[in-house]
Structures are given as C-alpha cells and as structure tokens.
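Have a look at data.tsv below; it lists TSV, C-alpha atoms.
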chain	number	residue	atom	x	y	z
A	1	MET	CA	69.81	-64.38	20.52
A	2	ASN	CA	68.63	-66.17	23.62
A	3	GLU	CA	65.40	-68.09	24.04
A	4	THR	CA	63.69	-69.09	27.26
A	5	ALA	CA	63.84	-72.78	26.48
A	6	THR	CA	65.80	-75.24	24.38
A	7	ALA	CA	64.89	-74.87	20.72
A	8	PRO	CA	62.22	-77.41	19.73
A	9	THR	CA	63.15	-80.40	17.55
A	10	ALA	CA	60.24	-79.59	15.21
A	11	PRO	CA	58.65	-76.27	14.28
A	12	LEU	CA	56.15	-74.99	16.79
A	13	ARG	CA	52.52	-74.90	15.70
A	14	ALA	CA	52.64	-71.21	16.49
A	15	ARG	CA	54.88	-68.82	18.37
A	16	ALA	CA	54.89	-65.23	19.49
A	17	GLU	CA	58.48	-64.05	19.38
A	18	ILE	CA	59.12	-61.24	21.86
A	19	ASP	CA	62.16	-59.09	21.09
A	20	LEU	CA	63.32	-57.70	24.43
A	21	ALA	CA	66.04	-55.63	22.77
A	22	ALA	CA	63.30	-53.79	20.87
A	23	LEU	CA	61.40	-53.26	24.11
A	24	ARG	CA	64.45	-51.82	25.87
A	25	ALA	CA	65.07	-49.51	22.91
A	26	ASN	CA	61.43	-48.38	23.03
A	27	VAL	CA	61.73	-47.51	26.72
A	28	ARG	CA	64.86	-45.51	26.03
A	29	ALA	CA	63.08	-43.66	23.21
A	30	LEU	CA	60.16	-42.88	25.52
A	31	ARG	CA	62.51	-41.62	28.22
A	32	ALA	CA	63.96	-39.23	25.65
A	33	ARG	CA	60.43	-38.02	24.86
A	34	ALA	CA	59.46	-37.60	28.49
A	35	SER	CA	60.97	-34.13	28.97
A	36	GLY	CA	62.65	-35.01	32.25
A	37	ALA	CA	59.68	-36.88	33.71
A	38	ALA	CA	60.12	-40.42	34.99
A	39	VAL	CA	58.73	-43.27	32.87
A	40	MET	CA	56.24	-45.86	34.08
A	41	ALA	CA	56.11	-49.00	31.94
A	42	VAL	CA	52.59	-50.38	32.11
A	43	VAL	CA	52.62	-54.19	32.09
A	44	LYS	CA	48.93	-54.86	32.72
A	45	SER	CA	47.15	-57.73	30.97
A	46	ASP	CA	50.35	-59.79	30.91
A	47	ALA	CA	52.21	-56.85	29.35
A	48	TYR	CA	49.60	-56.43	26.63
A	49	GLY	CA	50.01	-60.10	25.77
A	50	HIS	CA	53.82	-60.01	25.67
A	51	GLY	CA	54.57	-61.55	29.09
A	52	ALA	CA	54.57	-59.38	32.21
A	53	VAL	CA	57.65	-60.53	34.10
A	54	PRO	CA	60.19	-60.66	31.23
A	55	CYS	CA	58.91	-57.36	29.83
A	56	ALA	CA	58.91	-55.68	33.25
A	57	ARG	CA	62.50	-56.74	33.84
A	58	ALA	CA	63.59	-55.48	30.43
A	59	ALA	CA	61.78	-52.16	30.95
A	60	VAL	CA	63.47	-51.60	34.32
A	61	GLU	CA	66.84	-52.47	32.77
A	62	ALA	CA	66.20	-49.75	30.18
A	63	GLY	CA	65.47	-47.12	32.80
A	64	ALA	CA	61.75	-47.31	33.55
A	65	ARG	CA	61.53	-46.14	37.17
A	66	TRP	CA	57.97	-47.32	37.73
A	67	LEU	CA	55.89	-50.32	36.70
A	68	GLY	CA	52.12	-50.12	36.39
A	69	THR	CA	49.35	-52.70	36.42
A	70	ALA	CA	45.58	-52.57	36.40
A	71	THR	CA	44.78	-55.13	39.09
A	72	PRO	CA	46.50	-55.66	42.44
A	73	GLU	CA	46.89	-59.33	41.61
A	74	GLU	CA	49.04	-58.38	38.61
A	75	ALA	CA	51.19	-56.14	40.79
A	76	LEU	CA	51.56	-58.78	43.51
A	77	ALA	CA	52.68	-61.30	40.87
A	78	LEU	CA	55.48	-58.92	39.87
A	79	ARG	CA	56.61	-58.65	43.48
A	80	LYS	CA	56.49	-62.44	43.86
A	81	ALA	CA	58.72	-62.70	40.78
A	82	GLY	CA	61.27	-60.45	42.49
A	83	LEU	CA	60.64	-57.15	40.71
A	84	PRO	CA	61.88	-54.35	43.00
A	85	GLY	CA	61.10	-50.64	43.01
A	86	ARG	CA	57.89	-48.76	42.52
A	87	ILE	CA	54.84	-50.65	41.28
A	88	MET	CA	51.42	-49.01	41.04
A	89	CYS	CA	48.02	-50.68	40.58
A	90	TRP	CA	44.70	-48.93	40.06
A	91	LEU	CA	41.73	-51.23	39.43
A	92	TRP	CA	40.21	-52.14	42.79
A	93	THR	CA	36.92	-53.68	43.82
A	94	PRO	CA	35.48	-53.95	47.34
A	95	GLY	CA	37.25	-56.53	49.49
A	96	GLY	CA	40.37	-56.40	47.35
A	97	PRO	CA	43.74	-57.51	48.73
A	98	TRP	CA	44.53	-54.20	50.44
A	99	ARG	CA	46.65	-55.65	53.22
A	100	GLU	CA	48.70	-57.77	50.80
A	101	ALA	CA	49.30	-54.68	48.67
A	102	ILE	CA	50.42	-52.67	51.70
A	103	GLU	CA	52.78	-55.41	52.86
A	104	ALA	CA	54.21	-55.68	49.32
A	105	ASP	CA	54.92	-51.92	49.35
A	106	LEU	CA	52.74	-51.23	46.32
A	107	ASP	CA	51.39	-47.82	45.38
A	108	VAL	CA	47.62	-48.19	45.26
A	109	SER	CA	45.12	-45.90	43.60
A	110	VAL	CA	42.11	-44.56	45.46
A	111	GLY	CA	39.35	-42.72	43.62
A	112	GLY	CA	36.50	-42.85	46.11
A	113	MET	CA	35.67	-42.88	49.79
A	114	TRP	CA	34.77	-46.58	49.95
A	115	ALA	CA	38.27	-47.49	48.76
A	116	LEU	CA	39.98	-45.09	51.14
A	117	ARG	CA	38.05	-46.53	54.09
A	118	GLU	CA	38.97	-50.11	53.16
A	119	LEU	CA	42.61	-49.11	52.67
A	120	VAL	CA	42.80	-47.34	56.02
A	121	ALA	CA	41.27	-50.35	57.79
A	122	ALA	CA	43.83	-52.64	56.15
A	123	ALA	CA	46.68	-50.33	57.15
A	124	ARG	CA	45.54	-50.43	60.77
A	125	GLU	CA	45.39	-54.20	60.63
A	126	ALA	CA	48.80	-54.51	58.99
A	127	GLY	CA	50.43	-51.97	61.27
A	128	LEU	CA	52.06	-50.40	58.23
A	129	PRO	CA	51.33	-47.19	56.34
A	130	ALA	CA	49.84	-47.56	52.89
A	131	ARG	CA	51.22	-45.84	49.81
A	132	VAL	CA	48.24	-44.18	48.12
A	133	GLN	CA	47.74	-42.20	44.96
A	134	LEU	CA	44.53	-40.17	44.73
A	135	LYS	CA	42.87	-40.39	41.33
A	136	ALA	CA	40.96	-37.43	39.94
A	137	ASP	CA	38.25	-37.76	37.29
A	138	THR	CA	39.11	-34.80	35.09
A	139	GLY	CA	36.70	-35.74	32.32
A	140	LEU	CA	37.15	-39.38	31.29
A	141	GLY	CA	34.07	-40.35	33.29
A	142	ARG	CA	35.48	-43.71	34.31
A	143	GLY	CA	37.41	-44.25	37.56
A	144	GLY	CA	38.47	-41.44	39.82
A	145	CYS	CA	36.95	-38.86	42.12
A	146	GLN	CA	34.76	-36.06	40.82
A	147	PRO	CA	35.94	-32.46	41.36
A	148	GLY	CA	34.27	-30.25	43.92
A	149	GLU	CA	32.87	-31.60	47.17
A	150	ASP	CA	33.81	-35.23	46.44
A	151	TRP	CA	37.47	-34.31	45.83
A	152	ALA	CA	37.54	-32.09	48.90
A	153	GLU	CA	36.18	-34.93	51.07
A	154	LEU	CA	38.65	-37.48	49.67
A	155	VAL	CA	41.62	-35.15	50.14
A	156	ALA	CA	40.57	-34.26	53.70
A	157	GLU	CA	40.11	-37.88	54.74
A	158	ALA	CA	43.41	-38.91	53.15
A	159	LEU	CA	45.26	-36.14	54.99
A	160	ARG	CA	43.58	-37.13	58.27
A	161	ALA	CA	44.71	-40.74	57.81
A	162	GLN	CA	48.18	-39.53	56.86
A	163	SER	CA	48.40	-37.50	60.07
A	164	GLU	CA	47.62	-40.72	61.98
A	165	GLY	CA	50.47	-42.51	60.23
A	166	LEU	CA	48.13	-44.85	58.33
A	167	LEU	CA	49.09	-43.80	54.83
A	168	ARG	CA	51.30	-41.60	52.73
A	169	VAL	CA	49.84	-39.76	49.75
A	170	THR	CA	52.52	-40.48	47.16
A	171	GLY	CA	50.75	-39.27	44.05
A	172	LEU	CA	47.93	-37.37	42.39
A	173	TRP	CA	46.85	-38.57	38.97
A	174	SER	CA	44.27	-38.73	36.23
A	175	HIS	CA	43.75	-40.19	32.75
A	176	PHE	CA	43.00	-38.66	29.34
A	177	ALA	CA	39.94	-39.55	27.31
A	178	CYS	CA	41.06	-38.37	23.86
A	179	ALA	CA	44.83	-37.85	23.87
A	180	ASP	CA	45.01	-40.04	20.76
A	181	GLU	CA	42.93	-37.43	18.86
A	182	PRO	CA	45.18	-34.39	18.41
A	183	GLY	CA	43.35	-31.12	18.93
A	184	HIS	CA	40.33	-32.66	20.66
A	185	PRO	CA	38.90	-29.98	22.96
A	186	SER	CA	38.71	-32.38	25.90
A	187	ILE	CA	42.52	-32.51	26.10
A	188	ALA	CA	42.95	-28.88	27.11
A	189	ALA	CA	39.87	-29.07	29.32
A	190	GLN	CA	41.22	-32.06	31.21
A	191	LEU	CA	44.62	-30.47	31.66
A	192	THR	CA	42.98	-27.36	33.11
A	193	ARG	CA	40.83	-29.43	35.45
A	194	PHE	CA	43.81	-31.52	36.52
A	195	ARG	CA	45.83	-28.44	37.40
A	196	GLU	CA	42.89	-27.10	39.41
A	197	MET	CA	42.50	-30.34	41.34
A	198	LEU	CA	46.25	-30.51	41.95
A	199	ALA	CA	46.25	-26.94	43.23
A	200	TYR	CA	43.41	-27.68	45.62
A	201	ALA	CA	45.03	-30.84	47.04
A	202	GLU	CA	48.43	-29.20	47.40
A	203	GLY	CA	46.80	-26.14	48.96
A	204	GLN	CA	45.34	-28.44	51.60
A	205	GLY	CA	48.76	-29.85	52.41
A	206	VAL	CA	49.22	-32.82	50.06
A	207	ARG	CA	52.86	-33.15	49.02
A	208	PRO	CA	52.88	-35.80	46.28
A	209	GLU	CA	56.03	-37.42	45.00
A	210	VAL	CA	54.55	-37.64	41.51
A	211	ARG	CA	51.75	-36.00	39.55
A	212	HIS	CA	50.76	-37.72	36.32
A	213	ILE	CA	48.14	-37.74	33.60
A	214	ALA	CA	50.07	-38.57	30.39
A	215	ASN	CA	49.45	-41.92	28.71
A	216	SER	CA	51.28	-43.17	25.59
A	217	PRO	CA	49.77	-40.69	23.10
A	218	ALA	CA	50.24	-37.77	25.49
A	219	THR	CA	53.83	-38.84	26.15
A	220	LEU	CA	54.49	-38.74	22.41
A	221	THR	CA	52.65	-35.52	21.51
A	222	LEU	CA	51.80	-33.42	24.59
A	223	PRO	CA	54.93	-32.39	26.50
A	224	GLU	CA	52.88	-29.95	28.59
A	225	SER	CA	51.13	-32.98	30.12
A	226	HIS	CA	54.23	-34.79	31.35
A	227	PHE	CA	54.42	-33.37	34.90
A	228	ASP	CA	56.58	-35.73	37.05
A	229	LEU	CA	55.75	-39.10	35.51
A	230	VAL	CA	54.38	-40.50	32.24
A	231	ARG	CA	52.52	-43.80	32.01
A	232	THR	CA	53.51	-45.58	28.81
A	233	GLY	CA	51.58	-48.68	27.84
A	234	ILE	CA	51.19	-49.71	24.22
A	235	ALA	CA	54.16	-47.57	23.12
A	236	VAL	CA	56.50	-49.71	25.25
A	237	TYR	CA	55.61	-52.59	22.93
A	238	GLY	CA	56.39	-50.56	19.82
A	239	ILE	CA	52.85	-49.92	18.65
A	240	SER	CA	51.55	-46.47	17.83
A	241	PRO	CA	48.62	-45.51	20.07
A	242	SER	CA	46.86	-44.07	17.03
A	243	PRO	CA	47.67	-44.27	13.30
A	244	GLU	CA	46.65	-40.61	13.04
A	245	LEU	CA	49.53	-39.69	15.32
A	246	GLY	CA	52.09	-41.54	13.22
A	247	ALA	CA	53.58	-44.96	12.65
A	248	PRO	CA	55.84	-46.52	15.29
A	249	ALA	CA	58.97	-45.57	13.37
A	250	ASP	CA	57.90	-41.91	13.42
A	251	PHE	CA	58.45	-42.00	17.19
A	252	GLY	CA	61.56	-44.18	17.17
A	253	LEU	CA	59.61	-47.27	18.23
A	254	ARG	CA	59.74	-50.86	16.97
A	255	PRO	CA	57.02	-53.51	17.45
A	256	VAL	CA	58.15	-56.15	19.93
A	257	MET	CA	55.93	-59.12	18.99
A	258	THR	CA	56.15	-61.26	15.85
A	259	LEU	CA	53.35	-63.84	15.53
A	260	SER	CA	53.86	-66.80	13.22
A	261	ALA	CA	52.59	-70.32	12.62
A	262	SER	CA	53.74	-73.38	10.68
A	263	ILE	CA	51.71	-74.26	7.59
A	264	ALA	CA	50.01	-77.54	8.47
A	265	LEU	CA	48.78	-78.61	5.03
A	266	VAL	CA	49.05	-77.55	1.39
A	267	LYS	CA	46.67	-79.07	-1.16
A	268	ARG	CA	45.36	-78.54	-4.67
A	269	VAL	CA	41.66	-77.88	-5.16
A	270	PRO	CA	39.54	-77.17	-8.22
A	271	GLY	CA	37.76	-73.96	-9.03
A	272	GLY	CA	34.38	-73.51	-7.35
A	273	HIS	CA	35.54	-75.21	-4.15
A	274	GLY	CA	34.06	-73.83	-0.92
A	275	VAL	CA	36.47	-72.91	1.87
A	276	SER	CA	35.74	-72.99	5.59
A	277	TYR	CA	32.44	-72.58	7.42
A	278	GLY	CA	29.58	-71.06	5.49
A	279	HIS	CA	31.50	-71.17	2.19
A	280	HIS	CA	32.00	-67.42	2.28
A	281	TYR	CA	34.97	-67.99	-0.01
A	282	ILE	CA	34.72	-70.00	-3.23
A	283	THR	CA	37.91	-70.62	-5.18
A	284	PRO	CA	37.76	-68.66	-8.46
A	285	GLY	CA	39.76	-71.34	-10.24
A	286	ALA	CA	42.08	-74.27	-9.64
A	287	THR	CA	44.48	-73.26	-6.88
A	288	THR	CA	46.35	-74.37	-3.80
A	289	LEU	CA	45.19	-73.82	-0.25
A	290	GLY	CA	47.37	-73.53	2.85
A	291	LEU	CA	46.11	-74.43	6.32
A	292	VAL	CA	47.35	-72.09	9.07
A	293	PRO	CA	46.85	-73.83	12.46
A	294	VAL	CA	45.72	-70.88	14.60
A	295	GLY	CA	42.26	-69.47	15.13
A	296	TYR	CA	40.09	-67.40	17.38
A	297	ALA	CA	40.91	-69.66	20.36
A	298	ASP	CA	44.46	-68.37	19.94
A	299	GLY	CA	43.26	-64.78	19.75
A	300	ILE	CA	43.08	-64.42	15.96
A	301	PRO	CA	40.08	-62.13	15.49
A	302	ARG	CA	37.17	-63.80	13.68
A	303	HIS	CA	36.20	-60.34	12.41
A	304	ALA	CA	39.28	-60.54	10.16
A	305	SER	CA	37.73	-63.43	8.20
A	306	GLY	CA	38.29	-62.83	4.51
A	307	ALA	CA	40.61	-59.90	5.22
A	308	GLY	CA	43.48	-60.77	7.59
A	309	PRO	CA	46.91	-60.60	5.90
A	310	VAL	CA	49.60	-63.30	6.15
A	311	LEU	CA	53.11	-63.48	4.71
A	312	VAL	CA	53.94	-66.91	3.23
A	313	ASP	CA	57.15	-67.47	1.26
A	314	GLY	CA	57.63	-63.76	0.75
A	315	LYS	CA	54.13	-63.10	-0.57
A	316	TRP	CA	51.16	-61.50	1.16
A	317	ARG	CA	48.15	-63.78	1.31
A	318	THR	CA	44.70	-63.08	2.70
A	319	VAL	CA	42.54	-65.23	4.95
A	320	ALA	CA	40.20	-67.18	2.67
A	321	GLY	CA	36.77	-67.56	4.26
A	322	ARG	CA	36.01	-67.70	7.94
A	323	ILE	CA	38.57	-67.93	10.69
A	324	ALA	CA	37.66	-70.96	12.82
A	325	MET	CA	38.48	-71.75	16.42
A	326	ASP	CA	41.80	-73.46	15.70
A	327	GLN	CA	42.66	-72.74	12.08
A	328	PHE	CA	42.15	-70.72	8.94
A	329	VAL	CA	42.96	-71.08	5.26
A	330	VAL	CA	44.86	-68.91	2.79
A	331	ASP	CA	44.62	-69.18	-0.99
A	332	LEU	CA	48.18	-69.70	-2.24
A	333	GLY	CA	47.30	-69.06	-5.86
A	334	GLY	CA	48.93	-72.23	-7.16
A	335	ASP	CA	52.15	-71.92	-5.14
A	336	GLU	CA	53.14	-75.02	-3.17
A	337	PRO	CA	55.29	-74.14	-0.17
A	338	ALA	CA	56.39	-77.10	1.92
A	339	THR	CA	54.38	-78.04	4.96
A	340	GLY	CA	56.03	-76.47	7.98
A	341	THR	CA	56.74	-73.26	6.08
A	342	GLN	CA	56.41	-70.25	8.34
A	343	ALA	CA	53.33	-68.08	7.93
A	344	VAL	CA	53.90	-64.68	9.54
A	345	LEU	CA	50.70	-63.00	10.68
A	346	PHE	CA	52.33	-59.84	11.97
A	347	GLY	CA	55.60	-58.36	13.12
A	348	PRO	CA	57.55	-55.09	12.88
A	349	GLY	CA	56.81	-54.87	9.16
A	350	ASP	CA	60.33	-54.13	7.98
A	351	ARG	CA	60.81	-57.59	6.46
A	352	GLY	CA	57.71	-57.39	4.32
A	353	GLU	CA	55.36	-58.93	6.86
A	354	PRO	CA	52.02	-57.42	7.95
A	355	THR	CA	51.83	-55.52	11.23
A	356	ALA	CA	49.44	-55.63	14.15
A	357	GLU	CA	47.99	-52.39	12.76
A	358	ASP	CA	47.24	-54.19	9.47
A	359	TRP	CA	45.29	-56.82	11.41
A	360	ALA	CA	43.52	-54.09	13.37
A	361	GLN	CA	42.40	-52.47	10.12
A	362	ALA	CA	41.23	-55.84	8.80
A	363	SER	CA	39.27	-56.47	12.00
A	364	GLY	CA	37.78	-53.03	12.60
A	365	THR	CA	39.58	-52.64	15.92
A	366	ILE	CA	42.81	-51.22	17.36
A	367	ALA	CA	46.28	-52.75	17.47
A	368	TYR	CA	46.13	-52.82	21.29
A	369	GLU	CA	43.50	-55.55	21.03
A	370	ILE	CA	45.37	-57.57	18.40
A	371	VAL	CA	48.45	-58.17	20.57
A	372	THR	CA	46.66	-58.35	23.92
A	373	ARG	CA	44.24	-61.07	22.83
A	374	ILE	CA	46.88	-63.60	21.69
A	375	GLY	CA	46.07	-66.55	23.91
A	376	THR	CA	48.00	-68.90	26.15
A	377	ARG	CA	48.09	-71.72	23.57
A	378	VAL	CA	50.66	-69.63	21.71
A	379	PRO	CA	54.04	-69.91	23.46
A	380	ARG	CA	56.03	-66.72	23.98
A	381	VAL	CA	59.62	-67.14	22.85
A	382	TYR	CA	61.91	-64.42	24.23
A	383	VAL	CA	64.88	-63.28	22.20
A	384	ASN	CA	67.63	-60.84	23.14
A	385	GLU	CA	66.99	-61.43	26.83
A	386	GLU	CA	70.51	-60.31	27.75
A	387	ARG	CA	71.67	-56.78	27.20
A	388	ALA	CA	74.61	-56.39	24.87
A	389	GLY	CA	77.91	-55.43	26.47

Transcribe the structure of this file into structure tokens.
Amino acid sequence: MNETATAPTAPLRARAEIDLAALRANVRALRARASGAAVMAVVKSDAYGHGAVPCARAAVEAGARWLGTATPEEALALRKAGLPGRIMCWLWTPGGPWREAIEADLDVSVGGMWALRELVAAAREAGLPARVQLKADTGLGRGGCQPGEDWAELVAEALRAQSEGLLRVTGLWSHFACADEPGHPSIAAQLTRFREMLAYAEGQGVRPEVRHIANSPATLTLPESHFDLVRTGIAVYGISPSPELGAPADFGLRPVMTLSASIALVKRVPGGHGVSYGHHYITPGATTLGLVPVGYADGIPRHASGAGPVLVDGKWRTVAGRIAMDQFVVDLGGDEPATGTQAVLFGPGDRGEPTAEDWAQASGTIAYEIVTRIGTRVPRVYVNEERAG
C-alpha cells in the first residue's frame, strides 16, 4: 500500500484512511449497473470529504468518463490539478467565474435566463463558445427551469446563442427528489416530465450529447432512468444512498474511508464519576475511561453524544457523555488498553468496526453527512494509490 507522505514516527492524533482501490472497484461496479450509460463521478465538497483530486484521478482510472462538481471553483481546481476530460459544474450565482469556466472547457449548467445571459456575455468576451447543459426542474423544486413558457424561452435563447457560435448545448438534465424512496409517486412523475421536456427541446432543434437525471439511488435501482449518463455521488465512496435500498455490499460497493484516532489517555475512576460537559454520563461503578482526541471541530457530530460507536481493542464502545470540540470519552469497562491504541470510529465494517451508517443512525442524520463533515484537522492518508498490474 502506498501513502501520500512518509509514515509518521508516532501515531497520528487522527487519520482518515482513503482506500483508492475500493473507490476504483466501486466505479467499476457502478459502470456495470449503468446499462450502457456513461458514469459521472461526482467529487463535490472535496469528494464528499475524501479528497477531490486523488479521488477524481482514481475514478477516471476506473472508467468514469465525466467528473461533476457543485461549484465552478471546485471544477476549476480539478483543471488546475491537471484533470483532463469532461467536467461539469452546476451551482452558479450571479457574477460567477463564467469566462474562467469557458476557457477551462468546463460544461456549465444553466437553469434560468439570468445565467444564460451572463454566460453568453462571457462567451463574447472570451471569444470562445461555452459548453452549456440546460437544467430542467421536473419536480425537485430546487434549481432548474420550470416547464412550460420558462423552458420554451430558455431553449429558444440557447438555440439563438448557439446559432451565433456563442455556445454549444451539450446536455439536458434534471435531478430526482425521492429516488432513494422506492415506489415514491414523484419518481414516475419526474421521469414523465423529463421526457416531455426533452422532447420539446429536441423538437426545437437541440441535439444534446448527454441526457441525464439518475443520481446514485436511481443508478442502483432505476435502469429506466439511466439515459446517456448517470451521476454517481455517494455510491462512488461505497456508501448506500439509503439503508432502505440495501447495504453497500448488496450493490457490490465498499466504503472508502476509515476514520480512526489514537487513544490519548486511559485512567481509572470510581463509580459515580461525572464524564464530560453537563455530566450527562455518570459512571455506574469503578471503571476505566479512554480519551479519544477528536471532536465536533473535526466533524464528529455532537448529536451522537452518548450514542456514537467506537471500536477499541476489538470491542465496541459507546461515547460516554457529550462530544466536545476536540475530544470525547468512552467507558472501557475496566479494560486498560495502552495509550496510543487505535480507536476506529468507522470504516467498511468487515473487520468488526462501526460504519458511517452506524454513526448516522446514532446522530439522526444520513451517512453522506458523516463522511462529508470530517474536517481539515484530520489528515487524509491515501492507500492503494497505484493500480495493481
């Protein structure tokens, strides 16, 4: 296994180990699920906390033909790092870096007339045609253009600009609201609306390279939604988009991140001893406590106080009391592991450790948030950077 830096002389306070072999295998599994559609690996929010550039490179190596980001700044950072090929970004605000995106040959999303006008002006200034993907709001009610007159106006203006050589409409796309809830009536309704909006745009003369609406859950469970391209986000990182759909292994996926910390202190305390702020945990009897040196400043959710699971010396322990900014405590039940012993907060789960989904359940949230929120104080250590063979 390869790491990005020389191994430290002492255990790290904490580390997030990122298994790039697992990520490549996940991309290959998603390609097999994609029914002939191309795969976009979404690496927004620093690849859901895993590290955008290393994960983007590994995804491309495994056959992802597109990369996706939310903000243009994220996409431009990929280009600056030397990532070639197709990169799409979709979260724009007025005055955004349109010209920089055009010059970097990014595919940019437009879901309203204000954005199209700014893009066209930037294309004129740059003297280069923009690559644009028109976003349809088929029912999510977030970004994207409403059907009817608004869609007709956006399509007409885009085609007019295309005829002037200012842009090329490379894609038509939308996003599901409830694809992680099998059988939800909005799924079929959105697919119907998407097909209608596609038919209108294509009837007006749009010839998109790709049409896409499928996110991770739709990629895994709705083959009729795959069209030309699927956008896979959380599934790339080996996390199920919804426990109701199945565990990662049910889809041939393996979690990529393992989060651990070095026990900083082990001490004996008597029964009736308060632990952490507010004394929400009182030791039921004489015991040992272990100090885990990560907290909510590192992205450990405070809502998991009293509930978050940790593997120490082969045994599951639970956060005792409140999670603080930099640390939390586990009750070791009289065991006395050496200081420096590894405490595993989550990982793939096949070595007895908790998973990100376990922490999500303990926190009342989703596993997406657990991995994405791990902060910059926790170094990412990349293993299996080189492909075998």

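Comparing the minimum interatomic distances between Val169 of chain A and each of A:Glu244, A:Glu209, A:Glu74, A:Glu386, counting all atoms listed in the file, we find that A:Glu209 sits nearest.
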
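Distances from A:Ala247, A:Ala22, A:Asp105, A:Gly96 to Arg79 of chain A were compared using only C-alpha atoms, and the smallest one belongs to A:Asp105.
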
Need to verify the contact set: segment 139-147 of chain A, 7 Å, only C-alpha atoms, exclusion of same-chain residues closer than 6 positions in sequence. Can you return it as a list in words?
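Residues near the query, excluding close chain neighbours: Gly111, Gly112, His175, Phe176, Ala177, Gln190 and Met197 of chain A.
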
Mind listing whatever residues come within 8 Å of the point (50.9, -43.3, 28.9)? Use all atoms listed in the file, file coordinates, and give them as a JSON list (two decimals) with C-alpha atoms, in the frame of the given file.
[["chain", "number", "residue", "atom", "x", "y", "z"],
["A", 40, "MET", "CA", 56.24, -45.86, 34.08],
["A", 42, "VAL", "CA", 52.59, -50.38, 32.11],
["A", 213, "ILE", "CA", 48.14, -37.74, 33.60],
["A", 214, "ALA", "CA", 50.07, -38.57, 30.39],
["A", 215, "ASN", "CA", 49.45, -41.92, 28.71],
["A", 216, "SER", "CA", 51.28, -43.17, 25.59],
["A", 217, "PRO", "CA", 49.77, -40.69, 23.10],
["A", 218, "ALA", "CA", 50.24, -37.77, 25.49],
["A", 219, "THR", "CA", 53.83, -38.84, 26.15],
["A", 230, "VAL", "CA", 54.38, -40.50, 32.24],
["A", 231, "ARG", "CA", 52.52, -43.80, 32.01],
["A", 232, "THR", "CA", 53.51, -45.58, 28.81],
["A", 233, "GLY", "CA", 51.58, -48.68, 27.84],
["A", 234, "ILE", "CA", 51.19, -49.71, 24.22],
["A", 235, "ALA", "CA", 54.16, -47.57, 23.12]]

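Here the question is which of A:Arg193, A:His273, A:Ile187, A:Gln204 gets nearest to Val155 of chain A using all atoms listed in the file, and that residue is A:Gln204.
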
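Here the question is which of A:Ser45, A:Gln162, A:Ser242, A:Thr138 gets nearest to Leu116 of chain A using only C-alpha atoms, and that residue is A:Gln162.
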
Between A:Ala75, A:Leu253, A:Ala81, A:Val120, which is the closest to Leu23 of chain A once you count all atoms listed in the file?
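Among A:Ala75, A:Leu253, A:Ala81, A:Val120, it is A:Leu253 that comes nearest to Leu23 of chain A.
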
List the spatial neighbours of Met257 of chain A as a list of chain:residue names - criterion: any atom at most 7 Å away, all atoms listed in the file, same-chain residues fewer than 2 positions off excluded.
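Here the qualifying residues turn out to be A:Ala16, A:Glu17, A:Ile18, A:Asp19, A:Pro255, A:Leu259, A:Gly347.
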
Using only C-alpha atoms, find all polymer residues with an atom at most 6 Å away from the point (59.4, -36.6, 32.2); report them as a VMD selection string.
chain A and resid 34 to 38 226 228 to 229

Between A:Ser109, A:Thr318, A:Thr339, A:Gln133, which one has atoms that come closest to Ala304 of chain A, using all atoms listed in the file?
A:Thr318

What is the distance between atom CA of Val312 of chain A and atom CA of Asp250 of chain A, in Å to one decimal?
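According to the coordinates, atom CA of Val312 of chain A and atom CA of Asp250 of chain A are separated by 27.3 Å.
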
Separation of atom CA of Glu103 of chain A and atom CA of Lys135 of chain A, in Å?
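Result for atom CA of Glu103 of chain A versus atom CA of Lys135 of chain A: 21.4 Å, one decimal.
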
For Thr170 of chain A, please output as a list in words all residues within 9 Å (counting only C-alpha atoms; exclusion window: fewer than 5 positions along the same chain).
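Non-adjacent residues within range: Asp107, Arg131, Val132, Gln133, Leu134, Val206, Arg207, Pro208, Glu209, Val210 and Arg211 of chain A.
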
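What separates atom CA of Gly51 of chain A from atom CA of Gly375 of chain A is a distance of 11.1 Å.
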
Write out as a PyMOL selection string each polymer residue whose atoms come within 9 Å of Ile366 of chain A, counting only C-alpha atoms; drop sequence neighbours fewer than 5 positions from it.
chain A and resi 241-242+356-357+359-361

Close residues, Leu76 of chain A itself excluded, 12 Å, all atoms listed in the file, min 3 positions apart in chain, as an MDAnalysis selection string
chainID A and resid 44 52:53 67:73 79:84 86:89 97:108
